[in-house]
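**Student:** input-v9.cif is the file, holding mmCIF, C-alpha atoms:
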data_input
#
loop_
_atom_site.label_atom_id
_atom_site.label_comp_id
_atom_site.auth_asym_id
_atom_site.auth_seq_id
_atom_site.Cartn_x
_atom_site.Cartn_y
_atom_site.Cartn_z
CA MET A 189 -4.01 275.97 -26.62
CA ALA A 190 -5.39 274.80 -29.96
CA SER A 191 -8.23 276.81 -31.38
CA THR A 192 -10.93 276.26 -33.97
CA GLY A 193 -11.54 279.37 -35.99
CA LYS A 194 -11.08 282.16 -33.47
CA ARG A 195 -8.16 283.31 -31.42
CA ASN A 196 -6.93 286.73 -30.42
CA GLY A 197 -10.20 288.28 -31.50
CA ARG A 198 -10.34 286.52 -34.87
CA ARG A 199 -12.91 284.30 -36.46
CA ALA A 200 -12.42 282.69 -39.82
CA GLY A 201 -12.87 285.30 -42.54
CA LYS A 202 -13.33 288.22 -40.13
CA GLU A 203 -10.98 290.85 -38.81
CA PRO A 204 -10.79 291.56 -35.07
CA VAL A 205 -12.89 294.35 -33.62
CA ALA A 206 -10.69 297.12 -32.24
CA GLY A 207 -13.24 298.11 -29.64
CA PRO A 208 -13.80 301.88 -30.03
CA PRO A 209 -17.28 303.18 -29.33
CA CYS A 210 -19.68 303.31 -32.26
CA PRO A 211 -19.91 306.78 -33.86
CA ALA A 212 -23.57 306.95 -32.84
CA GLN A 213 -22.54 306.47 -29.21
CA ILE A 214 -21.68 309.17 -26.69
CA ASP A 215 -18.09 308.92 -25.48
CA PRO A 216 -18.17 309.94 -21.79
CA LEU A 217 -14.37 310.13 -21.73
CA ALA A 218 -13.95 312.21 -24.89
CA ALA A 219 -12.64 315.27 -23.02
CA LEU A 220 -10.08 313.16 -21.15
CA ARG A 221 -8.57 311.17 -24.00
CA GLY A 222 -4.98 311.75 -25.07
CA PRO A 223 -2.42 310.20 -27.42
CA ASP A 224 -0.73 308.21 -24.65
CA ASP A 225 -3.94 306.67 -23.29
CA PRO A 226 -4.35 302.89 -23.21
CA ALA A 227 -6.42 301.47 -26.04
CA CYS A 228 -8.65 299.79 -23.49
CA ASP A 229 -10.86 301.67 -21.02
CA VAL A 230 -12.00 298.64 -19.03
CA TYR A 231 -10.61 295.10 -18.89
CA LEU A 232 -12.66 292.09 -17.75
CA THR A 233 -12.15 288.39 -17.43
CA GLY A 234 -14.50 285.62 -16.40
CA THR A 235 -16.95 283.03 -17.66
CA VAL A 236 -19.49 283.69 -20.41
CA PHE A 237 -22.76 281.80 -20.07
CA LEU A 238 -25.63 281.47 -22.48
CA ASP A 239 -28.59 282.84 -20.51
CA ILE A 240 -32.09 281.57 -21.28
CA VAL A 241 -34.61 283.72 -19.42
CA PHE A 242 -38.30 282.95 -18.86
CA THR A 243 -40.51 285.84 -17.79
CA GLY A 244 -44.21 286.37 -17.25
CA LEU A 245 -44.51 283.54 -14.73
CA ASP A 246 -47.34 284.10 -12.26
CA SER A 247 -45.44 282.35 -9.48
CA ALA A 248 -42.46 280.12 -8.82
CA PRO A 249 -42.55 276.73 -10.56
CA VAL A 250 -44.34 274.14 -8.45
CA ARG A 251 -42.89 270.67 -8.03
CA GLY A 252 -44.60 268.07 -10.19
CA THR A 253 -46.33 270.61 -12.43
CA GLU A 254 -45.63 272.33 -15.74
CA SER A 255 -45.44 276.10 -15.87
CA TRP A 256 -45.80 278.22 -19.00
CA ALA A 257 -43.99 281.54 -19.38
CA ARG A 258 -45.45 284.43 -21.34
CA GLY A 259 -42.01 285.62 -22.45
CA MET A 260 -38.59 284.17 -23.21
CA GLY A 261 -35.22 285.55 -24.25
CA SER A 262 -31.70 284.26 -24.88
CA SER A 263 -28.52 286.32 -24.54
CA PRO A 264 -24.88 286.08 -23.45
CA GLY A 265 -24.61 286.07 -19.66
CA GLY A 266 -22.07 285.78 -16.87
CA VAL A 267 -19.23 288.26 -17.37
CA ALA A 268 -20.89 289.26 -20.66
CA ASN A 269 -23.46 291.20 -18.63
CA MET A 270 -20.79 293.58 -17.35
CA ALA A 271 -18.90 293.77 -20.65
CA THR A 272 -22.00 294.70 -22.63
CA ALA A 273 -23.15 297.26 -20.07
CA LEU A 274 -19.76 299.00 -20.20
CA ALA A 275 -19.59 298.96 -24.00
CA ARG A 276 -23.09 300.39 -24.36
CA LEU A 277 -22.08 303.31 -22.15
CA GLY A 278 -19.31 304.15 -24.63
CA LEU A 279 -16.32 302.62 -22.85
CA ARG A 280 -13.73 300.69 -24.87
CA THR A 281 -14.11 297.27 -23.32
CA SER A 282 -11.79 294.26 -23.58
CA LEU A 283 -12.84 290.79 -22.43
CA ALA A 284 -10.73 287.70 -21.78
CA ALA A 285 -12.93 284.61 -21.69
CA ALA A 286 -13.12 281.04 -22.92
CA PHE A 287 -15.85 280.21 -25.45
CA GLY A 288 -17.13 276.77 -26.36
CA ASP A 289 -16.90 275.72 -30.00
CA ASP A 290 -20.59 274.78 -29.99
CA HIS A 291 -23.43 276.87 -31.42
CA TYR A 292 -24.00 278.62 -28.10
CA GLY A 293 -20.38 279.75 -28.05
CA GLU A 294 -20.60 281.01 -31.63
CA TYR A 295 -23.73 282.97 -30.83
CA CYS A 296 -22.24 284.56 -27.70
CA TRP A 297 -19.00 285.48 -29.51
CA ASP A 298 -20.86 287.14 -32.39
CA ALA A 299 -23.28 288.96 -30.09
CA LEU A 300 -20.40 290.47 -28.09
CA GLU A 301 -17.88 291.17 -30.85
CA GLN A 302 -20.07 292.07 -33.82
CA GLY A 303 -23.14 293.29 -31.95
CA GLU A 304 -21.50 295.26 -29.15
CA GLY A 305 -18.01 296.14 -30.42
CA ILE A 306 -16.29 294.43 -27.49
CA ASP A 307 -12.62 293.58 -28.01
CA LEU A 308 -12.27 289.80 -27.70
CA SER A 309 -8.59 289.67 -28.67
CA PRO A 310 -7.65 288.16 -25.27
CA SER A 311 -10.41 285.52 -25.60
CA ARG A 312 -10.22 282.08 -27.17
CA THR A 313 -12.28 279.12 -28.33
CA VAL A 314 -11.81 275.82 -26.50
CA PRO A 315 -12.33 272.78 -28.76
CA GLY A 316 -14.82 270.30 -27.35
CA TRP A 317 -15.78 272.47 -24.39
CA HIS A 318 -19.52 272.90 -23.87
CA SER A 319 -20.71 276.45 -23.28
CA PRO A 320 -22.07 276.97 -19.75
CA VAL A 321 -25.83 277.62 -19.68
CA THR A 322 -28.09 279.31 -17.14
CA VAL A 323 -31.87 279.15 -17.18
CA SER A 324 -33.39 282.05 -15.26
CA MET A 325 -37.05 282.28 -14.26
CA ALA A 326 -38.31 285.76 -13.35
CA TYR A 327 -41.50 286.21 -11.32
CA GLU A 328 -42.83 288.65 -8.72
CA GLY A 329 -39.72 290.80 -9.01
CA GLU A 330 -37.50 287.85 -8.08
CA ARG A 331 -35.63 285.23 -10.05
CA THR A 332 -34.64 281.58 -9.74
CA MET A 333 -31.71 280.23 -11.72
CA VAL A 334 -30.49 276.79 -12.75
CA SER A 335 -27.02 276.52 -14.31
CA HIS A 336 -25.07 273.79 -16.04
CA GLY A 337 -21.45 273.71 -17.09
CA HIS A 338 -18.45 271.43 -17.41
CA GLU A 339 -15.13 271.98 -15.70
CA PRO A 340 -13.55 275.16 -17.07
CA PRO A 341 -10.51 274.95 -19.32
CA PRO A 342 -7.29 274.30 -17.40
CA GLU A 343 -5.60 277.46 -18.67
CA GLU A 344 -6.11 280.64 -16.71
CA PRO A 345 -8.74 282.64 -18.62
CA ALA A 346 -6.90 285.89 -17.92
CA PRO A 347 -3.52 286.37 -19.62
CA ASP A 348 -0.45 286.45 -17.40
CA CYS A 349 0.00 290.09 -18.32
CA PRO A 350 -3.40 291.82 -18.66
CA PRO A 351 -3.48 294.70 -21.13
CA ARG A 352 -2.91 298.23 -19.97
CA ALA A 353 -6.31 299.72 -19.16
CA ARG A 354 -7.84 302.63 -17.35
CA ALA A 355 -9.88 300.30 -15.15
CA ALA A 356 -10.75 296.68 -14.51
CA VAL A 357 -13.74 295.09 -12.81
CA ALA A 358 -12.81 292.11 -10.64
CA SER A 359 -15.02 289.60 -8.86
CA LEU A 360 -13.28 288.89 -5.55
CA THR A 361 -13.23 285.29 -4.32
CA PRO A 362 -12.97 284.58 -0.57
CA GLY A 363 -9.75 282.77 0.30
CA ARG A 364 -8.24 283.08 -3.19
CA SER A 365 -6.17 285.62 -5.06
CA ALA A 366 -6.25 286.27 -8.80
CA PRO A 367 -2.70 287.16 -9.93
CA TRP A 368 -3.91 289.34 -12.79
CA ILE A 369 -5.48 291.82 -10.34
CA ALA A 370 -2.16 292.67 -8.70
CA GLN A 371 -0.47 292.82 -12.12
CA ALA A 372 -3.10 295.22 -13.44
CA ALA A 373 -2.94 297.41 -10.34
CA ARG A 374 0.86 297.72 -10.66
CA LYS A 375 0.33 299.05 -14.20
CA GLY A 376 -1.90 301.81 -12.86
CA THR A 377 -5.23 300.19 -13.67
CA ARG A 378 -8.01 301.26 -11.31
CA ILE A 379 -9.64 298.14 -9.84
CA PHE A 380 -13.36 298.05 -9.07
CA GLY A 381 -14.24 294.98 -7.02
CA ASP A 382 -17.49 293.20 -6.36
CA VAL A 383 -18.15 289.97 -4.50
CA GLY A 384 -20.67 287.15 -4.40
CA TRP A 385 -22.33 285.33 -1.55
CA ASP A 386 -19.83 283.50 0.69
CA ASP A 387 -21.08 279.90 0.62
CA THR A 388 -18.53 278.92 3.27
CA GLY A 389 -20.27 281.14 5.82
CA ALA A 390 -16.93 282.52 7.04
CA TRP A 391 -17.50 286.12 5.92
CA ASP A 392 -13.90 286.91 6.74
CA LEU A 393 -12.86 290.26 5.28
CA ALA A 394 -9.21 289.25 5.57
CA GLY A 395 -10.00 286.40 3.17
CA LEU A 396 -10.66 288.91 0.36
CA HIS A 397 -6.95 289.09 -0.43
CA ASP A 398 -7.34 291.24 -3.55
CA LEU A 399 -9.37 293.92 -1.79
CA ARG A 400 -6.11 295.78 -1.05
CA TYR A 401 -5.69 296.46 -4.77
CA CYS A 402 -9.18 297.91 -5.21
CA GLU A 403 -10.02 301.57 -5.55
CA ALA A 404 -13.71 300.79 -5.03
CA PHE A 405 -15.69 297.92 -3.52
CA LEU A 406 -19.38 297.42 -4.38
CA PRO A 407 -21.14 294.76 -2.23
CA ASN A 408 -24.85 294.59 -1.54
CA ALA A 409 -26.21 295.41 1.90
CA ALA A 410 -26.39 291.82 3.16
CA GLU A 411 -22.81 291.09 2.08
CA ALA A 412 -21.48 294.35 3.51
CA MET A 413 -23.08 293.81 6.92
CA ARG A 414 -21.91 290.20 7.16
CA TYR A 415 -18.33 291.08 6.27
CA THR A 416 -18.23 293.88 8.86
CA GLY A 417 -20.48 292.47 11.58
CA THR A 418 -22.52 295.69 11.58
CA ASP A 419 -26.27 296.18 11.90
CA THR A 420 -26.93 298.76 9.18
CA PRO A 421 -25.75 299.21 5.60
CA ARG A 422 -24.41 302.69 6.37
CA ALA A 423 -22.36 301.45 9.28
CA ALA A 424 -21.06 298.65 7.07
CA ALA A 425 -20.04 301.13 4.35
CA HIS A 426 -18.04 303.24 6.81
CA ALA A 427 -16.40 300.13 8.29
CA LEU A 428 -15.38 298.92 4.83
CA ALA A 429 -14.00 302.36 3.97
CA GLU A 430 -11.19 301.64 6.44
CA HIS A 431 -9.99 298.98 4.00
CA VAL A 432 -10.73 300.46 0.55
CA PRO A 433 -10.93 304.11 -0.61
CA VAL A 434 -14.45 304.03 -2.09
CA VAL A 435 -17.33 301.84 -0.88
CA VAL A 436 -20.74 301.54 -2.52
CA VAL A 437 -23.41 299.49 -0.74
CA THR A 438 -26.43 298.67 -2.87
CA LEU A 439 -29.75 298.62 -1.03
CA GLY A 440 -32.09 297.07 -3.58
CA ALA A 441 -35.38 298.97 -3.78
CA GLU A 442 -34.00 301.58 -1.37
CA GLY A 443 -31.19 302.70 -3.69
CA ALA A 444 -27.53 302.86 -2.68
CA TYR A 445 -25.18 304.51 -0.20
CA ALA A 446 -21.55 305.39 -0.86
CA VAL A 447 -18.51 306.65 1.03
CA ASP A 448 -15.32 308.15 -0.43
CA ARG A 449 -12.65 308.05 2.25
CA ARG A 450 -10.26 310.18 0.21
CA THR A 451 -12.58 313.19 -0.09
CA GLY A 452 -14.83 312.62 2.91
CA GLU A 453 -17.87 312.55 0.62
CA THR A 454 -20.91 310.44 1.35
CA ALA A 455 -23.92 310.03 -0.91
CA SER A 456 -27.31 308.40 -0.69
CA VAL A 457 -29.51 308.06 -3.76
CA PRO A 458 -32.96 306.43 -3.74
CA ALA A 459 -33.88 303.85 -6.34
CA ILE A 460 -36.00 304.81 -9.34
CA GLU A 461 -39.38 303.09 -9.23
CA VAL A 462 -39.97 301.03 -12.35
CA GLU A 463 -41.99 297.99 -13.33
CA ALA A 464 -39.36 295.26 -13.34
CA LEU A 465 -39.67 292.63 -16.06
CA ASP A 466 -36.40 290.80 -15.38
CA PRO A 467 -33.75 291.73 -12.75
CA THR A 468 -31.07 289.53 -14.34
CA GLY A 469 -27.80 291.45 -14.65
CA ALA A 470 -29.04 294.63 -12.92
CA GLY A 471 -26.16 294.52 -10.44
CA ASP A 472 -23.64 294.34 -13.28
CA VAL A 473 -25.27 297.30 -15.02
CA PHE A 474 -25.11 299.27 -11.75
CA VAL A 475 -21.37 298.63 -11.47
CA ALA A 476 -20.87 299.60 -15.12
CA GLY A 477 -22.65 302.90 -14.55
CA PHE A 478 -20.54 303.64 -11.47
CA VAL A 479 -17.31 302.79 -13.30
CA THR A 480 -18.31 305.10 -16.17
CA GLY A 481 -18.91 308.02 -13.84
CA SER A 482 -15.72 307.32 -11.92
CA LEU A 483 -13.53 307.30 -15.04
CA ALA A 484 -15.24 310.49 -16.21
CA GLY A 485 -14.43 312.18 -12.88
CA TRP A 486 -18.02 312.89 -11.79
CA PRO A 487 -18.95 313.73 -8.17
CA LEU A 488 -19.83 310.75 -5.99
CA ALA A 489 -23.57 311.50 -5.87
CA ASP A 490 -23.75 311.78 -9.67
CA ARG A 491 -21.94 308.47 -10.10
CA LEU A 492 -24.36 306.82 -7.70
CA ALA A 493 -27.44 308.32 -9.37
CA PHE A 494 -26.24 307.33 -12.85
CA ALA A 495 -25.53 303.77 -11.73
CA GLY A 496 -29.00 303.48 -10.22
CA LEU A 497 -30.61 304.90 -13.36
CA THR A 498 -28.87 302.47 -15.71
CA ALA A 499 -29.82 299.54 -13.46
CA ALA A 500 -33.45 300.69 -13.33
CA LEU A 501 -33.63 300.94 -17.12
CA SER A 502 -32.13 297.48 -17.52
CA VAL A 503 -34.76 295.59 -15.49
CA GLN A 504 -37.49 296.70 -17.91
CA GLU A 505 -36.13 294.41 -20.65
CA PHE A 506 -35.52 290.68 -21.10
CA GLY A 507 -32.13 289.16 -20.42
CA GLY A 508 -28.94 290.13 -18.64
CA SER A 509 -26.41 291.51 -21.11
CA LEU A 510 -28.78 292.62 -23.86
CA SER A 511 -31.06 294.48 -21.44
CA ALA A 512 -28.29 296.98 -20.61
CA PRO A 513 -29.27 300.52 -21.67
CA GLY A 514 -27.31 302.67 -24.07
CA TRP A 515 -27.25 306.43 -24.36
CA ALA A 516 -30.33 306.38 -26.60
CA GLU A 517 -32.44 305.02 -23.76
CA ILE A 518 -30.82 307.28 -21.18
CA ALA A 519 -31.55 310.32 -23.35
CA ALA A 520 -35.13 309.18 -23.94
CA TRP A 521 -35.67 308.71 -20.19
CA TRP A 522 -34.28 312.17 -19.41
CA ARG A 523 -36.53 313.85 -21.98
CA ARG A 524 -39.55 311.92 -20.75
CA VAL A 525 -39.19 312.72 -17.02
CA GLN A 526 -38.77 316.40 -17.78
CA SER A 527 -42.09 316.39 -19.62
CA VAL A 528 -44.02 314.89 -16.70
CA ARG A 529 -46.32 317.47 -15.12
CA GLU A 530 -45.90 318.15 -11.41
CA GLN A 531 -42.52 316.46 -11.46
CA GLU A 532 -40.72 316.80 -8.13
CA PRO A 533 -38.11 319.55 -8.69
CA SER A 534 -35.58 318.01 -6.31
CA ALA A 535 -35.79 314.70 -8.19
CA LEU A 536 -35.08 316.46 -11.48
CA ARG A 537 -32.14 318.30 -9.96
CA ARG A 538 -30.66 315.01 -8.80
CA TYR A 539 -30.29 313.97 -12.45
CA GLY A 540 -29.56 317.44 -13.80
CA PHE A 541 -26.01 316.40 -14.67
CA LEU A 542 -27.48 314.46 -17.60
CA ALA A 543 -28.33 317.73 -19.33
CA GLY A 544 -24.66 318.23 -20.13
CA LEU A 545 -24.21 314.67 -21.35
CA VAL A 546 -27.10 313.71 -23.58
CA PRO A 547 -27.90 315.74 -26.71
CA GLU A 548 -31.23 317.50 -27.06
CA GLU A 549 -31.98 315.63 -30.27
CA ALA A 550 -32.64 311.92 -30.24
CA VAL A 551 -29.64 309.63 -30.16
CA ARG A 552 -29.82 306.98 -32.88
CA PRO A 553 -29.74 303.50 -31.37
CA TRP A 554 -26.87 301.63 -32.94
CA PRO A 555 -26.83 297.89 -32.34
CA LEU A 556 -28.65 297.66 -28.99
CA ARG A 557 -29.78 294.13 -29.75
CA ARG A 558 -32.33 292.70 -27.37
CA ALA A 559 -32.56 289.17 -26.10
CA VAL A 560 -33.95 286.87 -28.79
CA PRO A 561 -36.45 284.09 -28.08
CA THR A 562 -34.68 281.58 -30.33
CA ILE A 563 -31.12 281.51 -31.62
CA GLY A 564 -29.92 279.81 -34.76
CA PHE A 565 -32.58 280.84 -37.27
CA ARG A 566 -31.30 280.88 -40.82
CA ARG A 567 -30.83 284.39 -42.14
CA PRO A 568 -32.74 285.33 -45.30
CA ALA A 569 -30.66 285.04 -48.48
#
Would you give me this structure, written as structure tokens?

**Tutor:**
Amino acid sequence: MASTGKRNGRRAGKEPVAGPPCPAQIDPLAALRGPDDPACDVYLTGTVFLDIVFTGLDSAPVRGTESWARGMGSSPGGVANMATALARLGLRTSLAAAFGDDHYGEYCWDALEQGEGIDLSPSRTVPGWHSPVTVSMAYEGERTMVSHGHEPPPEEPAPDCPPRARAAVASLTPGRSAPWIAQAARKGTRIFGDVGWDDTGAWDLAGLHDLRYCEAFLPNAAEAMRYTGTDTPRAAAHALAEHVPVVVVTLGAEGAYAVDRRTGETASVPAIEVEALDPTGAGDVFVAGFVTGSLAGWPLADRLAFAGLTAALSVQEFGGSLSAPGWAEIAAWWRRVQSVREQEPSALRRYGFLAGLVPEEAVRPWPLRRAVPTIGFRRPA
């Protein structure tokens, strides 16, 4: 396919980003790395959107009226939510996606490659293709979204041979297979699968053809119960564990429940209560936290607690991808909760594993860009 200025991770006048974590970052896999390891920790493919998020709405927009939001942010969205969350947790992340050659595409490419250190060598620019856009309105802890996009490029966004990686996150589509998932699994890549709402209403587990390649499956409670025909999230998790080794069912404000069929472990971790500004991308951040703990070899309960913590921190900021926390925010949260008087000892113990991960001194935030209200301002000379 022809390209205009960027291909295989290149933009005119710039070298590709190799994708290692920033020196200011914590590398959760440092003790496990060896000379024969793949260059990529996690591989992703999908569609990048430009997200425009309005917050501070008192209620849902009312037909025939004009609503004013007290806050607004713009950031890369779609698969960029997951990619950024993984990169900010110190994982070497590679993304295969199509980018429009409009200003939105330029902004998203720069935010991911230059701002987050994500390897975009498998990605490409599509001449004349308009970047997909989502407008998200957050109010009362909920969100309403309106999206616009043209038909995607005819070429498969994932390469025929995905790069060798420790792990990949795949969005499973009912009734369809993605060839790259089987190819990656045959190379030894650990597949973490999630799924969206089944608009067909079939909820046929057999229709998730790529589930057989997954090491872990992470649906929400409603999806898990519909796919299994069960009445409770826990029953759904155990039913799904007959089909995939590790199942994590997210329970919203009630936390998450997980089953590891291989070890017999189960874990239930309550959600952390926070004041949510914008829930956009929280599910992606949760998955990123769970993948990080899994690759690091943590116990199931620690993986679940860490995933819930990262998701809770993310909803306190604007935007999907750029609200994802890094180790600076995780370290700050851990120091803060320990200083709270009359803190519940059992709650502190649940997150005690962080003591061996985050340094006692403050971690310097590196890029950690936040969603910006307006893109395209001229930079000062």

**Student:** Quick one, how far is CA of Arg491 (chain A) from CA of Ala404 (chain A)?

**Tutor:**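 Calculated distance between CA of Arg491 (chain A) and CA of Ala404 (chain A) is 12.3 Å.
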
**Student:** Report as a PDB file with C-alpha atoms, in the frame of the given file the residues that result from applying the PyMOL selection byres ((chain A and resi 239-246) around 7) to the structure here.

**Tutor:**
ATOM      1  CA  PHE A 237     -22.760 281.800 -20.070  1.00  0.00           C
ATOM      2  CA  LEU A 238     -25.630 281.470 -22.480  1.00  0.00           C
ATOM      3  CA  SER A 247     -45.440 282.350  -9.480  1.00  0.00           C
ATOM      4  CA  TRP A 256     -45.800 278.220 -19.000  1.00  0.00           C
ATOM      5  CA  ALA A 257     -43.990 281.540 -19.380  1.00  0.00           C
ATOM      6  CA  ARG A 258     -45.450 284.430 -21.340  1.00  0.00           C
ATOM      7  CA  GLY A 259     -42.010 285.620 -22.450  1.00  0.00           C
ATOM      8  CA  MET A 260     -38.590 284.170 -23.210  1.00  0.00           C
ATOM      9  CA  GLY A 261     -35.220 285.550 -24.250  1.00  0.00           C
ATOM     10  CA  SER A 262     -31.700 284.260 -24.880  1.00  0.00           C
ATOM     11  CA  SER A 263     -28.520 286.320 -24.540  1.00  0.00           C
ATOM     12  CA  PRO A 264     -24.880 286.080 -23.450  1.00  0.00           C
ATOM     13  CA  GLY A 265     -24.610 286.070 -19.660  1.00  0.00           C
ATOM     14  CA  VAL A 321     -25.830 277.620 -19.680  1.00  0.00           C
ATOM     15  CA  THR A 322     -28.090 279.310 -17.140  1.00  0.00           C
ATOM     16  CA  VAL A 323     -31.870 279.150 -17.180  1.00  0.00           C
ATOM     17  CA  SER A 324     -33.390 282.050 -15.260  1.00  0.00           C
ATOM     18  CA  MET A 325     -37.050 282.280 -14.260  1.00  0.00           C
ATOM     19  CA  ALA A 326     -38.310 285.760 -13.350  1.00  0.00           C
ATOM     20  CA  TYR A 327     -41.500 286.210 -11.320  1.00  0.00           C
ATOM     21  CA  ASP A 466     -36.400 290.800 -15.380  1.00  0.00           C
ATOM     22  CA  GLY A 507     -32.130 289.160 -20.420  1.00  0.00           C
TER      23      GLY A 507
END

**Student:** Output as CSV one row per residue of region 352-423 of chain A within 10 Å of region 278-296 of chain A: the closest atom pair and its distance in Å to one decimal place, counting only C-alpha atoms, sorted by chain and residue number ascending.

**Tutor:**
residue,atom,partner,partner_atom,distance
A:Ala353,CA,A:Ser282,CA,8.9
A:Arg354,CA,A:Arg280,CA,9.7
A:Ala355,CA,A:Thr281,CA,9.7
A:Ala356,CA,A:Ser282,CA,9.4

**Student:** Could you pull the residues within 7 Å of Cys402 (chain A), counting only C-alpha atoms, minus those fewer than 5 positions along the same chain, as a PyMOL selection string?

**Tutor:** chain A and resi 379-381+432

**Student:** Pick the closest to Thr332 (chain A) from A:Leu360, A:Val475, A:Ala495, A:Ala248: which is it, counting only C-alpha atoms?

**Tutor:**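 Smallest distance to Thr332 (chain A) is found for A:Ala248.
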
**Student:** Go through A:His338, A:Pro216, A:Thr272, A:Ala394 one by one, measure the shortest atom-to-atom distance of each to Trp486 (chain A) using all atoms listed in the file, and give the residue with the smallest value.

**Tutor:** A:Pro216

**Student:** In terms of the shortest atom-to-atom distance over only C-alpha atoms, which of A:Asn269, A:Asn408, A:Ser365, A:Thr418 is closest to Gly443 (chain A)?

**Tutor:**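 Under the stated criterion, the closest residue is A:Asn408.
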
**Student:** Given the PyMOL selection byres ((chain A and resi 409) around 6) and the file above, list the residues it selects as an NGL selection string.

**Tutor:** :A and (408 or 410-412 or 421 or 437-439)

**Student:** For the file shown, what are the residues hit by the PyMOL selection byres ((chain A and resi 530-547) around 9), laid out as a PyMOL selection string?

**Tutor:** chain A and resi 214+216+457+489-490+493-494+515-516+518-519+522+525-529+548-551

**Student:** Could you tell me how far CA of Arg276 (chain A) sits from CA of Glu304 (chain A), in Å to one decimal place?

**Tutor:**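 Calculated distance between CA of Glu304 (chain A) and CA of Arg276 (chain A) is 7.2 Å.
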
**Student:** Separation of CA of Tyr231 (chain A) and CA of Asp472 (chain A), in Å?

**Tutor:**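 A separation of 14.2 Å between them.
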
**Student:** Between A:Gly477, A:Pro315, A:Gly389, A:Gly363, which residue has the minimum interatomic distance to Gly496 (chain A), considering all atoms listed in the file?

**Tutor:**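 Of the candidates, the smallest distance to Gly496 (chain A) is held by A:Gly477.
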
**Student:** Using only C-alpha atoms, pick whichever of A:Val434, A:Leu501, A:Ala373, A:Ala429 has the shortest atom-to-atom distance to Ser482 (chain A).

**Tutor:**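 The closest residue to Ser482 (chain A) is A:Val434.
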
**Student:** Using all atoms listed in the file, which of A:Gly376, A:Pro362, A:Pro249, A:Ser319 sits nearest Thr388 (chain A)?

**Tutor:** A:Pro362

**Student:** Residues at most 9 Å from Leu300 (chain A), counting all atoms listed in the file, excluding those fewer than 6 positions away in the same chain, as a ChimeraX atom specification?

**Tutor:** /A:264,268,271-272,306-308

**Student:** Which residues, written as an MDAnalysis selection string, have at least one atom at most 10 Å from Thr498 (chain A), with all atoms listed in the file counted and residues fewer than 6 positions away on the same chain left out?

**Tutor:** chainID A and resid 273 277 460 470:478 512:515 517:518

**Student:** Could you write those residues out with C-alpha atoms, as an mmCIF file, keeping the file's coordinate frame?

**Tutor:**
data_model
loop_
_atom_site.group_PDB
_atom_site.id
_atom_site.type_symbol
_atom_site.label_atom_id
_atom_site.label_comp_id
_atom_site.auth_asym_id
_atom_site.auth_seq_id
_atom_site.Cartn_x
_atom_site.Cartn_y
_atom_site.Cartn_z
ATOM 1 C CA ALA A 273 -23.150 297.260 -20.070
ATOM 2 C CA LEU A 277 -22.080 303.310 -22.150
ATOM 3 C CA ILE A 460 -36.000 304.810 -9.340
ATOM 4 C CA ALA A 470 -29.040 294.630 -12.920
ATOM 5 C CA GLY A 471 -26.160 294.520 -10.440
ATOM 6 C CA ASP A 472 -23.640 294.340 -13.280
ATOM 7 C CA VAL A 473 -25.270 297.300 -15.020
ATOM 8 C CA PHE A 474 -25.110 299.270 -11.750
ATOM 9 C CA VAL A 475 -21.370 298.630 -11.470
ATOM 10 C CA ALA A 476 -20.870 299.600 -15.120
ATOM 11 C CA GLY A 477 -22.650 302.900 -14.550
ATOM 12 C CA PHE A 478 -20.540 303.640 -11.470
ATOM 13 C CA ALA A 512 -28.290 296.980 -20.610
ATOM 14 C CA PRO A 513 -29.270 300.520 -21.670
ATOM 15 C CA GLY A 514 -27.310 302.670 -24.070
ATOM 16 C CA TRP A 515 -27.250 306.430 -24.360
ATOM 17 C CA GLU A 517 -32.440 305.020 -23.760
ATOM 18 C CA ILE A 518 -30.820 307.280 -21.180
#
